[in-house]
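A.B. asks: Please find data19.txt (compact mmCIF, C-alpha atoms and all ligand atoms) on the next line:
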# COMPACT_ATOMS: atom_id res chain seq x y z
CA MET A 1 7.91 21.14 -17.08
CA PRO A 2 9.27 18.19 -19.07
CA LYS A 3 7.10 17.09 -21.97
CA GLY A 4 4.19 14.84 -21.00
CA THR A 5 2.95 11.66 -22.58
CA LEU A 6 -0.32 13.16 -23.83
CA ARG A 7 1.49 15.93 -25.65
CA GLU A 8 3.48 13.33 -27.49
CA VAL A 9 0.26 11.91 -28.95
CA LYS A 10 -1.01 15.43 -29.70
CA MET A 11 -4.03 15.32 -27.43
CA GLU A 12 -5.04 18.43 -25.57
CA PRO A 13 -6.30 17.39 -22.13
CA SER A 14 -9.51 19.21 -21.31
CA ARG A 15 -12.75 18.74 -19.41
CA GLU A 16 -14.38 17.60 -22.68
CA MET A 17 -11.73 14.99 -23.16
CA ALA A 18 -12.16 13.86 -19.53
CA ASP A 19 -15.88 13.42 -20.12
CA ARG A 20 -15.28 11.48 -23.30
CA LEU A 21 -12.77 9.21 -21.57
CA ASP A 22 -15.21 8.63 -18.70
CA THR A 23 -17.99 7.76 -21.14
CA VAL A 24 -15.98 4.96 -22.73
CA ASP A 25 -14.36 3.80 -19.47
CA GLU A 26 -15.36 0.20 -18.78
CA LEU A 27 -14.52 0.56 -15.10
CA ALA A 28 -16.70 3.65 -14.65
CA PRO A 29 -19.61 1.63 -13.13
CA PHE A 30 -17.34 0.60 -10.21
CA ARG A 31 -17.38 4.16 -8.88
CA LYS A 32 -20.95 3.55 -7.71
CA GLU A 33 -19.65 0.72 -5.54
CA PHE A 34 -18.01 3.28 -3.27
CA ASN A 35 -19.87 5.71 -1.02
CA LEU A 36 -18.27 8.93 -2.17
CA PRO A 37 -19.69 12.13 -0.70
CA ALA A 38 -20.92 14.70 -3.22
CA GLY A 39 -18.41 17.43 -4.02
CA VAL A 40 -15.38 15.36 -3.06
CA VAL A 41 -12.56 14.47 -5.45
CA PRO A 42 -11.06 11.36 -3.81
CA LEU A 43 -7.36 11.38 -4.67
CA ASN A 44 -5.95 10.20 -1.35
CA GLY A 45 -6.65 6.47 -1.60
CA ASN A 46 -2.90 5.91 -1.18
CA SER A 47 -3.49 6.83 2.46
CA LEU A 48 -7.04 5.59 3.10
CA GLY A 49 -9.24 4.12 0.39
CA PRO A 50 -12.89 5.29 0.32
CA LEU A 51 -15.77 3.34 1.86
CA PRO A 52 -16.96 0.48 -0.37
CA ALA A 53 -20.76 0.48 -0.51
CA ALA A 54 -20.87 -3.19 0.55
CA VAL A 55 -18.98 -2.59 3.79
CA PRO A 56 -21.69 -1.10 6.03
CA GLY A 57 -23.87 -4.17 5.36
CA ALA A 58 -20.97 -6.53 6.02
CA VAL A 59 -20.17 -4.80 9.30
CA ALA A 60 -23.85 -4.89 10.28
CA GLU A 61 -23.86 -8.61 9.52
CA ALA A 62 -20.72 -9.15 11.63
CA VAL A 63 -22.34 -7.22 14.47
CA ARG A 64 -25.49 -9.34 14.06
CA GLN A 65 -23.34 -12.50 14.30
CA TRP A 66 -21.75 -11.12 17.44
CA GLY A 67 -25.12 -10.22 18.94
CA GLU A 68 -26.94 -13.41 18.04
CA ARG A 69 -24.25 -16.06 17.94
CA LEU A 70 -21.80 -14.79 20.56
CA THR A 71 -18.81 -17.15 20.83
CA ARG A 72 -20.54 -19.65 18.55
CA ALA A 73 -19.69 -17.32 15.66
CA TRP A 74 -16.01 -18.24 16.05
CA ASN A 75 -16.83 -21.70 14.73
CA GLU A 76 -18.92 -20.31 11.89
CA ASP A 77 -17.43 -17.35 10.08
CA TRP A 78 -14.69 -16.06 12.32
CA TRP A 79 -11.90 -18.49 13.19
CA HIS A 80 -10.81 -19.11 9.63
CA ALA A 81 -11.30 -15.51 8.48
CA PRO A 82 -7.57 -14.60 8.67
CA ALA A 83 -6.62 -17.42 6.30
CA ARG A 84 -9.68 -16.95 4.08
CA VAL A 85 -9.09 -13.21 3.68
CA GLY A 86 -5.35 -13.84 3.47
CA ASP A 87 -5.86 -16.12 0.46
CA ARG A 88 -8.02 -13.49 -1.25
CA ILE A 89 -5.28 -10.90 -0.76
CA GLY A 90 -2.84 -13.56 -1.91
CA ARG A 91 -4.61 -13.77 -5.27
CA LEU A 92 -4.07 -10.03 -5.73
CA ILE A 93 -0.33 -10.29 -5.07
CA GLY A 94 0.30 -13.46 -7.07
CA ALA A 95 0.46 -15.86 -4.13
CA ALA A 96 -1.00 -19.35 -4.36
CA PRO A 97 -3.34 -20.24 -1.46
CA GLY A 98 -1.89 -21.10 1.92
CA GLN A 99 0.83 -18.46 2.06
CA THR A 100 -0.88 -15.23 3.10
CA MET A 101 -2.36 -14.53 6.52
CA ALA A 102 -4.41 -11.44 7.41
CA GLY A 103 -4.33 -9.90 10.84
CA ASP A 104 -2.64 -7.36 13.10
CA SER A 105 -1.20 -4.05 11.96
CA THR A 106 1.37 -3.46 9.27
CA SER A 107 3.86 -2.36 11.91
CA VAL A 108 3.39 -5.61 13.84
CA GLN A 109 3.70 -7.64 10.63
CA ILE A 110 6.88 -5.76 9.72
CA PHE A 111 8.54 -6.48 13.06
CA ASN A 112 7.54 -10.13 12.88
CA ALA A 113 8.80 -10.47 9.32
CA VAL A 114 12.14 -8.69 9.79
CA VAL A 115 13.06 -10.88 12.75
CA ALA A 116 11.83 -14.07 11.10
CA ALA A 117 13.70 -13.21 7.89
CA ALA A 118 16.95 -12.63 9.79
CA ARG A 119 16.48 -15.93 11.63
CA LEU A 120 16.38 -17.70 8.25
CA ARG A 121 20.03 -16.62 7.82
CA PRO A 122 21.41 -17.06 11.35
CA ASP A 123 25.09 -16.82 10.31
CA ARG A 124 24.69 -13.39 8.73
CA ARG A 125 24.61 -10.00 10.41
CA VAL A 126 23.50 -7.32 7.92
CA VAL A 127 20.12 -6.03 6.78
CA VAL A 128 20.24 -3.92 3.61
CA ALA A 129 17.17 -1.72 3.37
CA ASP A 130 15.75 1.16 1.36
CA ALA A 131 16.61 4.45 3.06
CA GLY A 132 13.41 5.91 1.59
CA ASN A 133 11.10 3.31 3.07
CA PHE A 134 8.13 4.44 5.17
CA PRO A 135 9.29 5.51 8.67
CA THR A 136 7.54 2.71 10.55
CA ASP A 137 9.44 0.16 8.42
CA ARG A 138 12.71 1.88 9.23
CA TYR A 139 12.03 2.27 12.94
CA LEU A 140 10.99 -1.36 13.35
CA THR A 141 13.92 -2.65 11.31
CA ALA A 142 16.28 -0.65 13.52
CA SER A 143 14.65 -2.01 16.66
CA ALA A 144 14.67 -5.61 15.41
CA ALA A 145 18.33 -5.19 14.48
CA ARG A 146 19.18 -3.90 17.97
CA LEU A 147 17.49 -6.91 19.52
CA LEU A 148 19.29 -9.36 17.24
CA GLY A 149 22.66 -7.60 17.14
CA LEU A 150 22.44 -6.87 13.40
CA GLU A 151 23.71 -3.92 11.40
CA VAL A 152 21.23 -2.07 9.17
CA VAL A 153 22.67 -0.59 5.99
CA GLU A 154 20.18 1.91 4.55
CA VAL A 155 20.71 3.10 1.00
CA PRO A 156 18.55 4.67 -1.73
CA MET A 157 16.99 2.02 -3.99
CA GLY A 158 19.30 2.97 -6.84
CA ASP A 159 22.35 2.05 -4.74
CA LEU A 160 20.87 -1.11 -3.29
CA PRO A 161 22.46 -3.66 -5.66
CA ASP A 162 25.94 -2.22 -4.94
CA ALA A 163 25.29 -2.20 -1.19
CA VAL A 164 24.19 -5.83 -1.31
CA ASP A 165 27.28 -6.67 -3.32
CA ARG A 166 29.56 -4.88 -0.82
CA HIS A 167 28.08 -7.01 1.98
CA ARG A 168 27.57 -10.11 -0.08
CA ASP A 169 28.88 -12.59 2.50
CA GLU A 170 27.08 -11.00 5.44
CA VAL A 171 23.70 -9.85 4.17
CA ALA A 172 20.84 -11.76 5.76
CA VAL A 173 17.86 -9.69 4.63
CA VAL A 174 17.08 -7.20 1.88
CA PHE A 175 14.00 -5.15 2.83
CA CYS A 176 12.29 -2.82 0.33
CA PRO A 177 8.90 -1.30 -0.45
CA ALA A 178 7.06 -2.10 -3.69
CA ALA A 179 6.75 1.64 -4.37
CA ASP A 180 8.17 4.80 -2.81
CA TYR A 181 5.53 6.20 -0.46
CA ARG A 182 6.48 9.79 -1.31
CA THR A 183 7.15 9.87 -5.05
CA GLY A 184 5.06 6.85 -6.10
CA GLU A 185 8.04 5.39 -7.96
CA LEU A 186 7.54 1.68 -8.51
CA TRP A 187 10.46 -0.61 -7.73
CA ASP A 188 11.44 -3.74 -9.61
CA VAL A 189 10.39 -6.61 -7.33
CA PRO A 190 11.80 -9.46 -9.45
CA ALA A 191 15.14 -7.72 -10.13
CA VAL A 192 15.76 -6.71 -6.51
CA THR A 193 14.68 -10.14 -5.29
CA ARG A 194 17.24 -11.67 -7.66
CA VAL A 195 19.95 -9.35 -6.30
CA ALA A 196 19.11 -10.49 -2.77
CA HIS A 197 19.13 -14.17 -3.71
CA GLU A 198 22.41 -13.93 -5.62
CA ALA A 199 23.99 -12.73 -2.38
CA GLY A 200 22.32 -15.54 -0.41
CA ALA A 201 19.92 -13.16 1.38
CA VAL A 202 16.20 -13.32 2.06
CA ALA A 203 14.04 -10.81 0.15
CA LEU A 204 11.38 -9.11 2.28
CA TRP A 205 8.95 -6.64 0.69
CA ASP A 206 6.46 -4.12 2.05
CA LEU A 207 3.68 -4.21 -0.54
CA SER A 208 1.51 -1.50 1.10
CA HIS A 209 1.77 0.86 -1.88
CA GLY A 210 1.70 -1.95 -4.45
CA ALA A 211 -1.07 -4.40 -3.60
CA GLY A 212 -4.28 -3.42 -5.35
CA ALA A 213 -2.49 -0.71 -7.33
CA VAL A 214 -0.34 -2.89 -9.58
CA PRO A 215 -0.34 -6.60 -10.37
CA LEU A 216 2.25 -8.33 -8.20
CA TRP A 217 3.64 -11.83 -8.64
CA VAL A 218 5.30 -12.77 -5.38
CA ASP A 219 5.41 -16.52 -6.11
CA ASP A 220 6.80 -16.14 -9.63
CA ASP A 221 9.29 -13.49 -8.50
CA GLY A 222 10.68 -15.73 -5.76
CA VAL A 223 9.81 -13.30 -2.94
CA ASP A 224 10.54 -14.89 0.43
CA LEU A 225 8.44 -12.81 2.81
CA ALA A 226 6.13 -9.84 2.35
CA VAL A 227 3.83 -7.66 4.39
CA GLY A 228 1.34 -4.96 3.49
CA CYS A 229 -1.48 -2.83 4.72
CA THR A 230 -5.05 -3.14 3.46
CA TYR A 231 -6.52 0.31 4.02
CA LYS A 232 -5.01 1.95 0.92
CA TYR A 233 -5.67 0.24 -2.42
CA LEU A 234 -7.69 -2.56 -0.82
CA SER A 235 -10.08 -0.08 0.87
CA GLY A 236 -10.37 -2.14 4.06
CA GLY A 237 -11.00 0.93 6.22
CA PRO A 238 -9.08 2.74 8.94
CA GLY A 239 -6.98 0.26 10.91
CA SER A 240 -8.03 -2.71 8.78
CA PRO A 241 -5.80 -5.72 9.40
CA ALA A 242 -2.54 -6.04 7.51
CA TYR A 243 -1.18 -9.29 6.06
CA GLY A 244 1.96 -11.35 5.94
CA TYR A 245 3.07 -13.56 3.05
CA VAL A 246 5.41 -16.47 3.73
CA ALA A 247 6.59 -18.46 0.70
CA ALA A 248 5.63 -22.11 1.18
CA ARG A 249 9.28 -23.21 1.08
CA HIS A 250 10.05 -21.29 4.29
CA GLN A 251 6.95 -21.98 6.31
CA ASP A 252 7.96 -25.00 8.32
CA ARG A 253 11.19 -23.51 9.60
CA LEU A 254 9.94 -19.97 10.00
CA ASP A 255 10.75 -18.82 13.54
CA LEU A 256 8.51 -15.82 14.15
CA PRO A 257 9.20 -13.71 17.24
CA LEU A 258 5.54 -13.00 18.01
CA THR A 259 4.41 -16.43 19.07
CA GLY A 260 0.81 -15.69 19.98
CA TRP A 261 -1.63 -18.42 20.83
CA HIS A 262 -3.60 -18.17 17.56
CA GLY A 263 -0.40 -19.37 15.81
CA HIS A 264 -0.15 -22.44 18.03
CA ALA A 265 -0.63 -25.87 16.48
CA ARG A 266 -3.49 -26.58 18.91
CA PRO A 267 -4.57 -23.28 20.45
CA PHE A 268 -7.31 -24.77 22.58
CA ASP A 269 -5.01 -27.31 24.22
CA MET A 270 -3.89 -24.30 26.26
CA ALA A 271 -0.42 -25.83 26.40
CA GLY A 272 2.32 -24.16 28.41
CA VAL A 273 4.82 -24.14 25.55
CA PHE A 274 4.42 -22.65 22.07
CA GLU A 275 4.34 -25.16 19.26
CA PRO A 276 3.98 -23.46 15.88
CA ALA A 277 1.07 -24.50 13.68
CA PRO A 278 2.06 -26.16 10.42
CA GLY A 279 2.17 -23.94 7.35
CA VAL A 280 1.24 -20.29 7.24
CA ALA A 281 -1.13 -20.68 10.22
CA ARG A 282 1.88 -20.05 12.47
CA ALA A 283 1.85 -16.47 11.19
CA ARG A 284 -1.32 -15.81 13.15
CA ILE A 285 -0.62 -13.94 16.36
CA GLY A 286 -3.45 -13.03 18.73
CA THR A 287 -7.19 -12.56 18.35
CA PRO A 288 -7.74 -10.81 15.01
CA PRO A 289 -9.89 -7.65 14.73
CA VAL A 290 -12.88 -9.61 13.44
CA LEU A 291 -15.17 -6.69 12.60
CA SER A 292 -12.42 -5.05 10.53
CA LEU A 293 -11.47 -8.33 8.96
CA LEU A 294 -15.01 -8.95 7.75
CA ALA A 295 -15.23 -5.36 6.52
CA LEU A 296 -12.04 -5.93 4.56
CA GLU A 297 -13.39 -9.13 3.09
CA ALA A 298 -16.39 -7.26 1.67
CA ALA A 299 -14.16 -4.41 0.49
CA LEU A 300 -12.06 -6.73 -1.69
CA GLU A 301 -14.96 -7.76 -3.87
CA PRO A 302 -15.18 -4.83 -6.34
CA LEU A 303 -11.44 -5.00 -7.00
CA GLU A 304 -11.61 -8.75 -7.53
CA ARG A 305 -14.47 -8.34 -9.98
CA ALA A 306 -12.83 -5.49 -11.89
CA GLY A 307 -9.53 -7.38 -12.04
CA ILE A 308 -6.21 -5.92 -11.01
CA GLU A 309 -4.94 -5.82 -14.61
CA ALA A 310 -7.88 -3.67 -15.75
CA VAL A 311 -7.54 -1.38 -12.72
CA ARG A 312 -3.84 -0.98 -13.38
CA ALA A 313 -4.41 -0.18 -17.07
CA LYS A 314 -6.86 2.56 -16.14
CA THR A 315 -4.60 3.89 -13.39
CA VAL A 316 -1.87 4.30 -16.00
CA ARG A 317 -4.26 6.19 -18.30
CA LEU A 318 -5.39 8.40 -15.41
CA GLY A 319 -1.76 9.09 -14.56
CA ASP A 320 -0.98 10.04 -18.15
CA PHE A 321 -4.02 12.30 -18.19
CA PHE A 322 -2.95 13.87 -14.88
CA LEU A 323 0.49 14.62 -16.28
CA GLY A 324 -0.99 16.00 -19.48
CA CYS A 325 -3.30 18.30 -17.49
CA ALA A 326 -0.42 19.33 -15.23
CA ASP A 327 1.78 20.20 -18.19
CA ARG A 328 -0.96 22.32 -19.70
CA LEU A 329 -2.39 23.97 -16.57
CA LEU A 330 0.44 24.24 -14.05
CA ASP A 331 3.26 25.55 -16.19
CA GLY A 332 5.08 28.44 -14.47
CA LEU A 333 3.28 28.01 -11.13
CA GLY A 334 6.18 26.49 -9.19
CA PHE A 335 5.28 22.79 -9.46
CA GLU A 336 7.66 20.00 -10.42
CA VAL A 337 6.58 16.47 -11.33
CA VAL A 338 8.72 14.06 -9.29
CA THR A 339 7.00 10.78 -10.22
CA PRO A 340 8.61 9.05 -13.21
CA ARG A 341 6.74 9.75 -16.44
CA ASP A 342 7.36 6.23 -17.65
CA PRO A 343 4.19 4.41 -16.54
CA ARG A 344 6.19 1.22 -15.99
CA ARG A 345 7.96 3.06 -13.18
CA ARG A 346 4.84 4.54 -11.57
CA GLY A 347 2.74 3.03 -8.81
CA GLY A 348 -0.75 4.25 -7.94
CA HIS A 349 -0.05 7.86 -7.07
CA LEU A 350 1.68 10.89 -8.53
CA ALA A 351 3.66 13.49 -6.64
CA LEU A 352 4.28 17.15 -7.41
CA ARG A 353 6.90 19.18 -5.57
CA HIS A 354 5.95 22.70 -4.47
CA PRO A 355 7.71 24.87 -1.87
CA GLU A 356 4.37 25.60 -0.18
CA ALA A 357 2.95 22.10 -0.53
CA ALA A 358 1.15 22.07 2.85
CA ALA A 359 -0.67 25.36 2.25
CA VAL A 360 -1.52 24.41 -1.34
CA MET A 361 -3.00 21.11 -0.14
CA ALA A 362 -4.96 22.84 2.63
CA ALA A 363 -6.49 25.16 0.04
CA LEU A 364 -7.25 22.22 -2.26
CA LYS A 365 -8.95 20.28 0.53
CA ASP A 366 -11.05 23.35 1.23
CA ARG A 367 -12.36 22.92 -2.32
CA GLY A 368 -13.08 19.22 -1.73
CA VAL A 369 -10.03 17.92 -3.59
CA LEU A 370 -8.45 15.34 -1.29
CA GLY A 371 -4.79 14.55 -1.70
CA ASP A 372 -2.08 14.64 0.93
CA VAL A 373 1.35 16.06 1.65
CA ARG A 374 4.67 14.52 2.60
CA GLY A 375 7.28 17.24 3.16
CA ASP A 376 7.29 19.40 0.04
CA LEU A 377 5.43 16.81 -2.04
CA LEU A 378 1.74 16.86 -2.89
CA ARG A 379 0.49 13.32 -3.48
CA PHE A 380 -2.50 12.39 -5.68
CA CYS A 381 -3.72 8.82 -5.93
CA VAL A 382 -5.37 7.87 -9.22
CA ASN A 383 -6.89 4.52 -8.32
CA GLY A 384 -8.53 3.27 -11.52
CA LEU A 385 -11.22 1.45 -9.56
CA TYR A 386 -13.13 4.58 -8.58
CA VAL A 387 -11.29 7.73 -9.73
CA SER A 388 -12.62 9.31 -12.93
CA PHE A 389 -10.88 11.34 -15.61
CA GLY A 390 -13.22 14.18 -14.58
CA ASP A 391 -11.81 13.96 -11.04
CA VAL A 392 -8.30 14.31 -12.39
CA HIS A 393 -9.20 17.28 -14.53
CA ASP A 394 -11.05 18.94 -11.63
CA ALA A 395 -8.12 18.36 -9.28
CA VAL A 396 -5.52 19.85 -11.59
CA THR A 397 -7.83 22.76 -12.44
CA ALA A 398 -8.29 23.44 -8.72
CA LEU A 399 -4.52 23.24 -8.24
CA ARG A 400 -4.10 25.84 -10.95
CA GLU A 401 -6.67 28.16 -9.40
CA VAL A 402 -5.25 27.79 -5.90
CA ALA A 403 -1.69 28.45 -7.05
CA ALA A 404 -2.32 31.06 -9.74
CA THR A 405 -4.47 33.27 -7.51
CA ASP A 406 -2.25 32.91 -4.44
CA GLU A 407 -5.32 31.58 -2.63
CA TYR A 408 -3.05 29.18 -0.73
CA ARG A 409 -1.28 32.14 0.92
CA SER A 410 -4.37 32.90 3.00
CA PRO A 411 -3.58 32.66 6.75
CA ARG A 412 -6.34 30.05 7.15
CA PHE A 413 -4.26 27.59 5.15
CA ARG A 414 -1.18 28.02 7.37
CA ARG A 415 -2.50 25.88 10.23
CA ARG A 416 -0.86 22.45 10.26
CA GLU A 417 -3.23 19.58 11.03
CA VAL A 418 -2.11 16.43 12.85
CA VAL A 419 -2.67 14.25 9.79
CA THR A 420 -1.45 15.79 6.56
C1 LIG B 501 5.01 1.30 3.33
C2 LIG B 501 4.18 1.48 4.57
N1 LIG B 501 4.38 0.64 5.61
C3 LIG B 501 3.64 0.76 6.74
C4 LIG B 501 2.68 1.74 6.87
C5 LIG B 501 1.87 1.92 8.11
O1 LIG B 501 1.92 0.94 9.07
P1 LIG B 501 0.68 0.83 10.07
O2 LIG B 501 -0.47 0.32 9.26
O3 LIG B 501 1.15 -0.10 11.11
O4 LIG B 501 0.40 2.20 10.59
C6 LIG B 501 2.46 2.64 5.82
C7 LIG B 501 1.45 3.74 5.90
O5 LIG B 501 0.98 4.16 6.91
C8 LIG B 501 3.23 2.49 4.65
O6 LIG B 501 3.06 3.34 3.64
N1 LIG B 502 -1.68 4.81 8.22
C1 LIG B 502 -1.99 6.11 8.31
C2 LIG B 502 -2.54 6.63 9.50
O1 LIG B 502 -2.73 5.78 10.55
C3 LIG B 502 -2.87 7.98 9.60
C4 LIG B 502 -2.68 8.78 8.49
C5 LIG B 502 -2.11 8.31 7.32
C6 LIG B 502 -1.74 6.99 7.25
C7 LIG B 502 -1.07 6.46 6.06
O2 LIG B 502 -1.48 5.43 5.60
C8 LIG B 502 0.06 7.13 5.48
C9 LIG B 502 0.62 6.39 4.33
N2 LIG B 502 1.14 5.09 4.65
C10 LIG B 502 1.68 7.13 3.59
O3 LIG B 502 2.10 6.64 2.57
O4 LIG B 502 2.08 8.21 3.96
For this file, write the structure as structure tokens.
Ligand SMILES: Cc1ncc(COP(=O)(O)O)c(C=O)c1O
Ligand SMILES: Nc1c(O)cccc1C(=O)C[C@H](N)C(=O)O
C.D. replies:
Amino acid sequence: MPKGTLREVKMEPSREMADRLDTVDELAPFRKEFNLPAGVVPLNGNSLGPLPAAVPGAVAEAVRQWGERLTRAWNEDWWHAPARVGDRIGRLIGAAPGQTMAGDSTSVQIFNAVVAAARLRPDRRVVVADAGNFPTDRYLTASAARLLGLEVVEVPMGDLPDAVDRHRDEVAVVFCPAADYRTGELWDVPAVTRVAHEAGAVALWDLSHGAGAVPLWVDDDGVDLAVGCTYKYLSGGPGSPAYGYVAARHQDRLDLPLTGWHGHARPFDMAGVFEPAPGVARARIGTPPVLSLLALEAALEPLERAGIEAVRAKTVRLGDFFLGCADRLLDGLGFEVVTPRDPRRRGGHLALRHPEAAAVMAALKDRGVLGDVRGDLLRFCVNGLYVSFGDVHDAVTALREVAATDEYRSPRFRRREVVT
């Protein structure tokens, strides 16, 4: 394996070192704010963040409101929840209030945003997009393009500036993820946004693997539109509502395709014709999933208190420690680190390639170490908010044991589950 960062500073990663690092870790108390089952090493928060301890109470309170207040609760806590929660997410992605709206799924937000972005450049016919983006982003971009008669040019992120340049007079939208969902490689939001703008295109970002993992600055970076999910680094829970960001400068001429009644200027006029609400309120669609929205609102609190900068700094240290442990413990066992070693180019998870990734992960999960698999990559999320250095050491030690003893070759780890 290539040399790791910890080796360079002559530290030998060990369980003792993990314990020492956990003892001095200022974020360590936040782990107690998540309901983590005993015996579980939670390294799959890049898929689904763990349950924040405050969420069951918040859901119980939402259910109480439903039971006791019935429709009256809409006028109390519920109607403005999408904008209220949206603004809280906005703070985490560097958006001033009034530009981020929570609601609906990431896939729905993606479709809405791709079409609306293309409609901001009606004379242009090309969408340039990352070929490595998450499949739902690619499928929905292709479908939106078919509807609008656009061409989608998909290229790896490294080739994106050239592709934009080749299509410079025709490119309407540049659509990229904040980080690669497989390798965890972090992309350069300001630089790519500049490339898009220099060609006269709109920059649309999927922040699902960025928000809550790294500080983002959508306003300062000139991002036009963005979407993201909230069940990974924001721990909103399975199916928690996604969000859309619309830069203030675009809001009043934003022509969204999903013109649901919650985005109407006066929803309770029950008018026959859609009239978009002023500002970001037009990005509402239909009735939001209120119980999930209120769960998400409670879930955001620990991250807000810890501060995204502090969480990011610890995530980087955990990542370095992971790589140091991997270099020491996994040498010669068929693993390859595919995430960049430079922490400035890493998001919230690390990926190791192994030819038997699925079986290795099945064996790891059997030991309570939760990561996931995409193709031949094992992914491990090191979210600084609740993952400990001890977790990282235990995970890499388990990886070593599983691989070195051929435990993963057992027939019981051959069965493919629906969700990997
Ligand atoms: C970048 C990205 N976009 C979208 C999604 C998912 O979209 P949805 O929440 O609609 O399933 C994921 C993960 O599932 C993702 O990683
Ligand atoms: N959204 C998911 C789901 O509905 C089921 C299982 C996993 C997921 C995920 O979040 C996958 C994730 N976006 C990924 O990066 O692969």
A.B. asks: Considering only C-alpha atoms and all ligand atoms, can you say which of A:Phe111, A:Phe30, A:Trp79, A:Phe134 comes closest to ligand LIG 502 (chain B)?
C.D. replies: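 Using only C-alpha atoms and all ligand atoms, the shortest distance to ligand LIG 502 (chain B) belongs to A:Phe134.
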A.B. asks: Go ahead and compute the interatomic distance for atom CA of A:Arg416 and atom CA of A:Gly239, in Å to one decimal.
C.D. replies: 23.0 Å
A.B. asks: For A:Leu300, which residue among A:Leu140, A:Ala118, A:Val418, A:Val85 is the nearest when counting only C-alpha atoms?
C.D. replies: A:Val85
A.B. asks: Work out how far atom CA of A:Val396 is from atom N1 of ligand LIG 501 (chain B), in Å to one decimal.
C.D. replies: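 We find that atom N1 of ligand LIG 501 (chain B) and atom CA of A:Val396 lie 27.6 Å from each other.
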A.B. asks: Tell me which of A:Asp180, A:Asp391, A:Glu309, A:Asp219 sits closest to ligand LIG 501 (chain B), counting only C-alpha atoms and all ligand atoms.
C.D. replies: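 Of A:Asp180, A:Asp391, A:Glu309, A:Asp219, the one nearest ligand LIG 501 (chain B) is A:Asp180, counting only C-alpha atoms and all ligand atoms.
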A.B. asks: May I ask which of the residues A:Tyr181, A:Trp261, A:Tyr243, A:Tyr139 is the closest one to ligand LIG 501 (chain B), counting only C-alpha atoms and all ligand atoms?
C.D. replies: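 Selected residue with least distance to ligand LIG 501 (chain B): A:Tyr181.
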A.B. asks: Output the neighbourhood of ligand LIG 501 (chain B) as a list in words, that is, all protein and nucleic acid residues with some atom at most 7 Å from the ligand, counting only C-alpha atoms and all ligand atoms.
C.D. replies: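 I would give the residues around ligand LIG 501 (chain B) as Ser47, Ser105, Thr106, Ser107, Val108, Asn133, Phe134, Thr136, Asp137, Pro177, Tyr181, Asp206, Leu207, Ser208, His209, Gly228, Cys229, Gly239 and Ala242 of chain A.
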A.B. asks: I'd like the neighbourhood of A:Ala211 as a list of chain:residue names, where a residue qualifies if any of its atoms comes within 10 Å (using all atoms listed in the file), though same-chain residues fewer than 4 positions away should be ignored.
C.D. replies: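 Everything that qualifies: A:Ile89, A:Gly90, A:Leu92, A:Ile93, A:Gly94, A:Ala178, A:Ala179, A:Asp206, A:Leu207, A:Pro215, A:Leu216, A:Val227, A:Gly228, A:Cys229, A:Thr230, A:Lys232, A:Tyr233, A:Leu234, A:Ile308, A:Gly347, A:Gly348.
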A.B. asks: Between A:His264, A:Arg182, A:Lys365, A:His393, which is the closest to ligand LIG 502 (chain B) once you count all atoms listed in the file?
C.D. replies: A:Arg182
